[in-house]
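The block underneath contains the structure these notes are about, expressed in C-alpha cells.
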Amino acid sequence: MKWYQVNEHPLEPMALYETVRHRNVGAVVLFIGTVREMTGSKQTELLEYESYVPMAEKMLEQIGHEVSERWPGALTAIHHRIGRLDILDEAVVIATSSSHRADAYEANRYAIERIKEIVPIWKREHWTDGTKWIGDQKEQLPGRPEGVTYS
Amino acid sequence: MKWYQVNEHPLEPMALYETVRHRNVGAVVLFIGTVREMTGSKQTELLEYESYVPMAEKMLEQIGHEVSERWPGALTAIHHRIGRLDILDEAVVIATSSSHRADAYEANRYAIERIKEIVPIWKREHWTDGTKWIGDQKEQLPGRPEGVTYS
Amino acid sequence: MIEVLCFAHVAEELAMRSYTVSAPTTIASLREGLMERGVSGAERLMFAVNERYETDDYMIEDGDTVAVIPMVSGG
Amino acid sequence: MIEVLCFAHVAEELAMRSYTVSAPTTIASLREGLMERGVSGAERLMFAVNERYETDDYMIEDGDTVAVIPMVSGG
C-alpha cells in the first residue's frame with residue numbers, strides 16, 4: 001500500500017487505516033471527503049477531479065513530513081481519487097495516527113488544509129445549471145504557496 | 001446497525017462509517033481508539049473494560065443528541081468494545097458526518113471528550129508490573145458529571 | 001427493596017457485584033455506607049438511579065435500581 | 001526545448017494540454033505569454049519547474065518540465 005497516492009481507483013479507507021497502525025498507536029483519525037449533492041441551493045450532479053499526478057503525490061508526501069515534524073511520532077497516509085466522481089463517492093481519505101488522540105486529530109486537520117493549499121489537484125463542479133473549475137479566479141497569489149520551502 | 005452500542009464484539013469501523021453517510025454529507029471523521037503497548041516506560045499487556053451497559057448506551061445516545069444540537073445536521077454513531085482487549089485491538093470507534101469538514105472534526109473530538117466524562121465504562125490496565133482501574137481515585141466530584149441535565 | 005450495582009474498583013473492594021438495601025433511602029446514605037465499608041474515594045463516587053445521574057439528596061424508592069459510578073475511563 | 005503542462009481552466013481556455021517554448025526563459029516570461037493569450041487570472045497563476053513550485057524570476061533551462069498551476073481545489 002502506497003502512503004501517498006493519486007489515481008482514479010475507488011478509495012479504501014480501511015487500507016489506509018491499516019497503513020498507519022502499529023503497536024504504539026493509541027489513536028487513529030480518518031477523514032473521508034465525499035461528494036455531496038446539495039451546497040446551499042445548488043445541486044451537484046458529479047465532480048471531475050484532475051491532477052498533475054507526480055507532483056501531487058510529492059506534495060502529499062511533503063505534507064506527511066510536515067506532520068511528523070509538527071507532531072513527532074505521528075504518521076500520515078493520504079489517497080486522493082481523481083476522474084469523474086458521483087454523489088457519495090469518496091474523493092480523499094486521510095489517515096493519521098499517534099500515541100495520543102490530540103495529535104491524531106490535529107495532524108489530520110492540518111493535512112486536509114494543506115491539501116487545499118499546495119497539492120495540484122483541481123475540482124470541476126458539474127451542477128444542474130452549469131460547470132465550473134473551482135478556485136480558478138480569486139485568492140491565489142503568484143509564487144510559491146505559503147509554507148512551501150525546499151531544503 | 002445500532003448507532004450507539006457497548007458490547008464485547010470486535011468493532012467494525014466501516015460499518016459505523018456507512019451508518020453516518022448520506023447524499024448531503026461532504027465529510028466523515030472516524031476516530032478509532034486502539035490499545036497501545038507503551039505509555040512512557042510502562043508496558044501494557046492487555047486492557048480490561050467493564051461497563052454498566054444499558055446506561056452507557058443511553059449516555060452515548062445523549063452525546064449524539066448533544067452533537068446534533070451543537071452542530072446542526074451532524075450525525076454521530078459510537079460503538080465501544082468491552083471485555084479483555086489485547087494490544088492493537090480497537091476499543092472505541094466514533095463516526096461523525098456533516099456537510100462540511102470543520103463540524104465533522106469538532107463533533108468527533110467533542111464526542112470522545114464526553115465519553116471520558118459521562119459514559120459508565122471503566123478501564124483496567126494490566127501492566128507488566130501490576131494492574132489498576134484507571135480513574136478510580138482522583139479528580140471526580142460527587143454529583144452529576146458536568147453538563148448532564150435532564151429535560 | 002433497592003438494588004445497588006457495583007463496578008470496577010468498587011465491586012472489587014466490596015467483593016460484590018450488587019447488594020440490596022431497604023427503601024426509602026438517599027444517595028447520601030448509600031455513600032455513607034460505602035465509606036463505612038472502606039471503599040476508596042467513596043466521598044467522590046457518583047450515583048445513577050434508574051440509569052440517570054442523581055445527586056446526594058435524591059430520594060430512592062422501592063424498586064429503583066441504583067448504580068455506584070466510580071470515575072469513568074472509557075475511550 | 002521546455003515543455004509546459006496545462007491543467008484545469010488553463011488547459012480548457014488554451015484548448016491545449018501542453019506546449020513547448022525555447023530555452024532559456026523565465027516564469028515571468030511564460031506568465032506574460034499566458035496573459036497575451038487571454039488566460040483568465042494569469043497574473044495569479046503559480047508555476048512548478050520539475051515538480052517544485054518556483055517564483056517569477058526562476059530561470060528555466062533546456063529539458064525542464066514546467067507546469068502552470070491554477071489555484072488548487074482538491075479535498
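Identifiers in this document derive from the order of the C-alpha cells: chains are assigned A, B, ..., residues are numbered from 1 separately in each chain, and ligands are numbered from 1 in order of occurrence.
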Check the DSSP output for the backbone and give back, as a PyMOL selection string, the residues of stretch 41-122 of chain B in helix (DSSP H, G or I).
chain B and resi 53-70+101-118
List the neighbours of A:Ile87 out to 9 Å using only C-alpha atoms; skip same-chain residues closer than 6 positions along the sequence, and give me the result as a short mmCIF file (atom, residue, chain, number, x, y, z; two decimals) with C-alpha atoms, in the first residue's frame.
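Contents of result_0.cif, as written:
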```cif
data_model
loop_
_atom_site.label_atom_id
_atom_site.label_comp_id
_atom_site.auth_asym_id
_atom_site.auth_seq_id
_atom_site.Cartn_x
_atom_site.Cartn_y
_atom_site.Cartn_z
CA THR A 34 -17.28 12.50 -0.02
CA VAL A 35 -19.16 14.09 -2.91
CA ARG A 36 -22.32 15.71 -1.57
CA GLU A 37 -25.36 16.63 -3.58
CA THR A 44 -24.20 18.85 -7.84
CA GLU A 45 -24.58 16.13 -10.47
CA LEU A 46 -20.99 14.96 -10.46
CA LEU A 47 -17.46 16.16 -9.83
CA ARG B 23 -26.12 12.17 -0.04
CA ASN B 24 -25.56 15.51 1.63
#
```
Using only C-alpha atoms, determine which residues of chain A fall within 10 Å of chain B; present them as a PDB file with C-alpha atoms, in the first residue's frame.
```
ATOM      1  CA  PRO A  13     -10.331   3.844   3.907  1.00  0.00           C
ATOM      2  CA  MET A  14      -9.551   0.682   5.886  1.00  0.00           C
ATOM      3  CA  TYR A  17      -6.147   2.791   8.457  1.00  0.00           C
ATOM      4  CA  ARG A  21      -1.442   1.421  12.723  1.00  0.00           C
ATOM      5  CA  HIS A  22       1.212  -0.135  14.891  1.00  0.00           C
ATOM      6  CA  ARG A  23       1.626  -1.373  18.466  1.00  0.00           C
ATOM      7  CA  ASN A  24       2.244   2.043  19.999  1.00  0.00           C
ATOM      8  CA  VAL A  25      -0.613   3.820  18.293  1.00  0.00           C
ATOM      9  CA  GLY A  26      -3.459   4.706  20.629  1.00  0.00           C
ATOM     10  CA  ALA A  27      -5.488   6.907  18.294  1.00  0.00           C
ATOM     11  CA  VAL A  28      -6.230   6.843  14.583  1.00  0.00           C
ATOM     12  CA  VAL A  29      -8.239   9.583  12.894  1.00  0.00           C
ATOM     13  CA  LEU A  30      -9.631   9.044   9.413  1.00  0.00           C
ATOM     14  CA  PHE A  31     -11.019  11.856   7.332  1.00  0.00           C
ATOM     15  CA  ILE A  32     -13.118  10.836   4.367  1.00  0.00           C
ATOM     16  CA  GLY A  33     -14.214  13.539   1.958  1.00  0.00           C
ATOM     17  CA  THR A  34     -17.280  12.502  -0.023  1.00  0.00           C
ATOM     18  CA  VAL A  35     -19.156  14.088  -2.914  1.00  0.00           C
ATOM     19  CA  ARG A  36     -22.318  15.710  -1.571  1.00  0.00           C
ATOM     20  CA  GLU A  37     -25.360  16.634  -3.584  1.00  0.00           C
ATOM     21  CA  MET A  38     -26.504  19.993  -2.227  1.00  0.00           C
ATOM     22  CA  THR A  39     -24.433  23.110  -1.493  1.00  0.00           C
ATOM     23  CA  ILE A  87     -22.600  11.752  -5.349  1.00  0.00           C
ATOM     24  CA  LEU A  88     -21.498   9.669  -2.316  1.00  0.00           C
ATOM     25  CA  ASP A  89     -18.171   8.725  -3.896  1.00  0.00           C
ATOM     26  CA  GLU A  90     -15.054   9.239  -1.788  1.00  0.00           C
ATOM     27  CA  ALA A  91     -12.625  11.872  -3.083  1.00  0.00           C
ATOM     28  CA  VAL A  92      -9.982  11.814  -0.373  1.00  0.00           C
ATOM     29  CA  VAL A  93      -9.012   9.717   2.619  1.00  0.00           C
ATOM     30  CA  ILE A  94      -6.511  10.948   5.207  1.00  0.00           C
ATOM     31  CA  ALA A  95      -5.368   8.595   7.963  1.00  0.00           C
ATOM     32  CA  THR A  96      -3.321   9.924  10.866  1.00  0.00           C
ATOM     33  CA  SER A  97      -2.122   8.003  13.897  1.00  0.00           C
ATOM     34  CA  SER A  98      -0.402   8.893  17.117  1.00  0.00           C
ATOM     35  CA  SER A  99       0.068   7.573  20.618  1.00  0.00           C
ATOM     36  CA  HIS A 100      -2.452  10.158  21.859  1.00  0.00           C
ATOM     37  CA  ARG A 101      -5.640  11.451  20.336  1.00  0.00           C
ATOM     38  CA  ALA A 102      -4.995  15.222  20.330  1.00  0.00           C
ATOM     39  CA  ALA A 104      -4.021  12.471  15.610  1.00  0.00           C
ATOM     40  CA  TYR A 105      -6.918  14.939  15.323  1.00  0.00           C
ATOM     41  CA  GLU A 106      -4.723  17.992  14.816  1.00  0.00           C
ATOM     42  CA  ASN A 108      -5.416  15.125  10.296  1.00  0.00           C
ATOM     43  CA  ARG A 109      -6.990  18.540  10.105  1.00  0.00           C
ATOM     44  CA  ILE A 112      -6.628  18.453   4.728  1.00  0.00           C
TER      45      ILE A 112
END
```
For atom CA of D:Cys6 and atom CA of D:Ala48, the interatomic separation in Å (one decimal)
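Spanning atom CA of D:Cys6 to atom CA of D:Ala48 is a straight-line distance of 11.0 Å.
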Contacts of D:Pro24 at 8 Å (only C-alpha atoms; same-chain gap of 2+ positions) as an MDAnalysis selection string:
chainID D and resid 22 26 59:62
Which value, in Å to one decimal, gives the distance between atom CA of D:Tyr53 and atom CA of A:Lys2?
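Atom-to-atom, atom CA of D:Tyr53 to atom CA of A:Lys2, that is 23.6 Å.
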Please give chain D as a PDB file with C-alpha atoms, in the first residue's frame, after it has been superposed on chain C by least squares over all Cα atoms paired in order.
```
ATOM      1  CA  MET D   1     -36.030  -3.240  48.127  1.00  0.00           C
ATOM      2  CA  ILE D   2     -33.421  -1.239  46.259  1.00  0.00           C
ATOM      3  CA  GLU D   3     -30.752  -2.975  44.203  1.00  0.00           C
ATOM      4  CA  VAL D   4     -27.335  -1.336  44.207  1.00  0.00           C
ATOM      5  CA  LEU D   5     -24.984  -2.260  41.344  1.00  0.00           C
ATOM      6  CA  CYS D   6     -21.211  -2.061  41.760  1.00  0.00           C
ATOM      7  CA  PHE D   7     -18.499  -1.735  39.130  1.00  0.00           C
ATOM      8  CA  ALA D   8     -14.739  -1.551  38.702  1.00  0.00           C
ATOM      9  CA  HIS D   9     -12.756  -0.866  41.860  1.00  0.00           C
ATOM     10  CA  VAL D  10     -15.919  -0.594  43.974  1.00  0.00           C
ATOM     11  CA  ALA D  11     -17.030  -4.113  43.022  1.00  0.00           C
ATOM     12  CA  GLU D  12     -13.507  -5.325  43.628  1.00  0.00           C
ATOM     13  CA  GLU D  13     -13.098  -3.741  47.053  1.00  0.00           C
ATOM     14  CA  LEU D  14     -16.525  -4.906  48.201  1.00  0.00           C
ATOM     15  CA  ALA D  15     -16.093  -8.304  46.530  1.00  0.00           C
ATOM     16  CA  MET D  16     -19.711  -7.881  45.372  1.00  0.00           C
ATOM     17  CA  ARG D  17     -21.337  -7.051  42.041  1.00  0.00           C
ATOM     18  CA  SER D  18     -24.520  -5.862  43.758  1.00  0.00           C
ATOM     19  CA  TYR D  19     -26.280  -5.630  47.102  1.00  0.00           C
ATOM     20  CA  THR D  20     -29.727  -4.612  48.318  1.00  0.00           C
ATOM     21  CA  VAL D  21     -30.883  -2.043  50.850  1.00  0.00           C
ATOM     22  CA  SER D  22     -34.287  -1.159  52.252  1.00  0.00           C
ATOM     23  CA  ALA D  23     -36.373   1.647  50.752  1.00  0.00           C
ATOM     24  CA  PRO D  24     -36.629   4.543  51.055  1.00  0.00           C
ATOM     25  CA  THR D  25     -33.118   5.924  51.339  1.00  0.00           C
ATOM     26  CA  THR D  26     -30.926   8.635  49.832  1.00  0.00           C
ATOM     27  CA  ILE D  27     -27.761   8.647  47.794  1.00  0.00           C
ATOM     28  CA  ALA D  28     -26.065  10.388  50.734  1.00  0.00           C
ATOM     29  CA  SER D  29     -26.961   7.454  52.910  1.00  0.00           C
ATOM     30  CA  LEU D  30     -25.626   4.916  50.383  1.00  0.00           C
ATOM     31  CA  ARG D  31     -22.412   6.926  50.175  1.00  0.00           C
ATOM     32  CA  GLU D  32     -22.042   6.812  53.944  1.00  0.00           C
ATOM     33  CA  GLY D  33     -22.485   3.052  53.852  1.00  0.00           C
ATOM     34  CA  LEU D  34     -19.707   2.745  51.296  1.00  0.00           C
ATOM     35  CA  MET D  35     -17.405   4.953  53.366  1.00  0.00           C
ATOM     36  CA  GLU D  36     -18.041   2.768  56.393  1.00  0.00           C
ATOM     37  CA  ARG D  37     -17.134  -0.294  54.383  1.00  0.00           C
ATOM     38  CA  GLY D  38     -13.862   1.438  53.471  1.00  0.00           C
ATOM     39  CA  VAL D  39     -14.439   1.880  49.727  1.00  0.00           C
ATOM     40  CA  SER D  40     -11.627   4.105  48.484  1.00  0.00           C
ATOM     41  CA  GLY D  41     -12.646   7.513  47.197  1.00  0.00           C
ATOM     42  CA  ALA D  42     -16.248   6.972  48.424  1.00  0.00           C
ATOM     43  CA  GLU D  43     -16.652  10.719  49.036  1.00  0.00           C
ATOM     44  CA  ARG D  44     -16.189  11.290  45.298  1.00  0.00           C
ATOM     45  CA  LEU D  45     -18.270   8.450  43.853  1.00  0.00           C
ATOM     46  CA  MET D  46     -21.179   9.307  41.558  1.00  0.00           C
ATOM     47  CA  PHE D  47     -24.520   7.502  41.578  1.00  0.00           C
ATOM     48  CA  ALA D  48     -27.147   6.748  38.992  1.00  0.00           C
ATOM     49  CA  VAL D  49     -30.762   5.896  39.757  1.00  0.00           C
ATOM     50  CA  ASN D  50     -32.555   4.019  37.001  1.00  0.00           C
ATOM     51  CA  GLU D  51     -29.669   4.883  34.662  1.00  0.00           C
ATOM     52  CA  ARG D  52     -29.670   8.638  35.317  1.00  0.00           C
ATOM     53  CA  TYR D  53     -27.058  10.507  37.322  1.00  0.00           C
ATOM     54  CA  GLU D  54     -28.538  11.899  40.529  1.00  0.00           C
ATOM     55  CA  THR D  55     -27.161  13.950  43.411  1.00  0.00           C
ATOM     56  CA  ASP D  56     -26.759  13.225  47.133  1.00  0.00           C
ATOM     57  CA  ASP D  57     -30.196  14.435  48.270  1.00  0.00           C
ATOM     58  CA  TYR D  58     -32.043  12.216  45.791  1.00  0.00           C
ATOM     59  CA  MET D  59     -34.666  10.033  47.471  1.00  0.00           C
ATOM     60  CA  ILE D  60     -34.518   6.437  46.275  1.00  0.00           C
ATOM     61  CA  GLU D  61     -37.766   4.493  46.269  1.00  0.00           C
ATOM     62  CA  ASP D  62     -38.713   0.848  46.362  1.00  0.00           C
ATOM     63  CA  GLY D  63     -37.903  -0.874  43.064  1.00  0.00           C
ATOM     64  CA  ASP D  64     -35.319   1.662  41.936  1.00  0.00           C
ATOM     65  CA  THR D  65     -32.034   0.400  40.580  1.00  0.00           C
ATOM     66  CA  VAL D  66     -29.014   2.305  41.811  1.00  0.00           C
ATOM     67  CA  ALA D  67     -25.537   2.128  40.322  1.00  0.00           C
ATOM     68  CA  VAL D  68     -22.385   3.272  42.067  1.00  0.00           C
ATOM     69  CA  ILE D  69     -20.312   5.048  39.431  1.00  0.00           C
ATOM     70  CA  PRO D  70     -16.579   5.458  40.022  1.00  0.00           C
ATOM     71  CA  MET D  71     -14.815   7.925  37.779  1.00  0.00           C
ATOM     72  CA  VAL D  72     -15.259   6.683  34.211  1.00  0.00           C
ATOM     73  CA  SER D  73     -12.316   5.873  31.966  1.00  0.00           C
ATOM     74  CA  GLY D  74     -13.666   4.705  28.622  1.00  0.00           C
ATOM     75  CA  GLY D  75     -12.330   5.620  25.219  1.00  0.00           C
TER      76      GLY D  75
END
```
Atom CA of B:His79 to atom CA of B:Arg124, straight-line distance in Å:
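Pair atom CA of B:Arg124 / atom CA of B:His79 returns 18.7 Å.
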Looking only at the backbone, which of the residues in chain C does DSSP tag as strand (DSSP E), as a PyMOL selection string?
chain C and resi 2-5+18-21+25-26+46-49+52-54+59-60+65-69
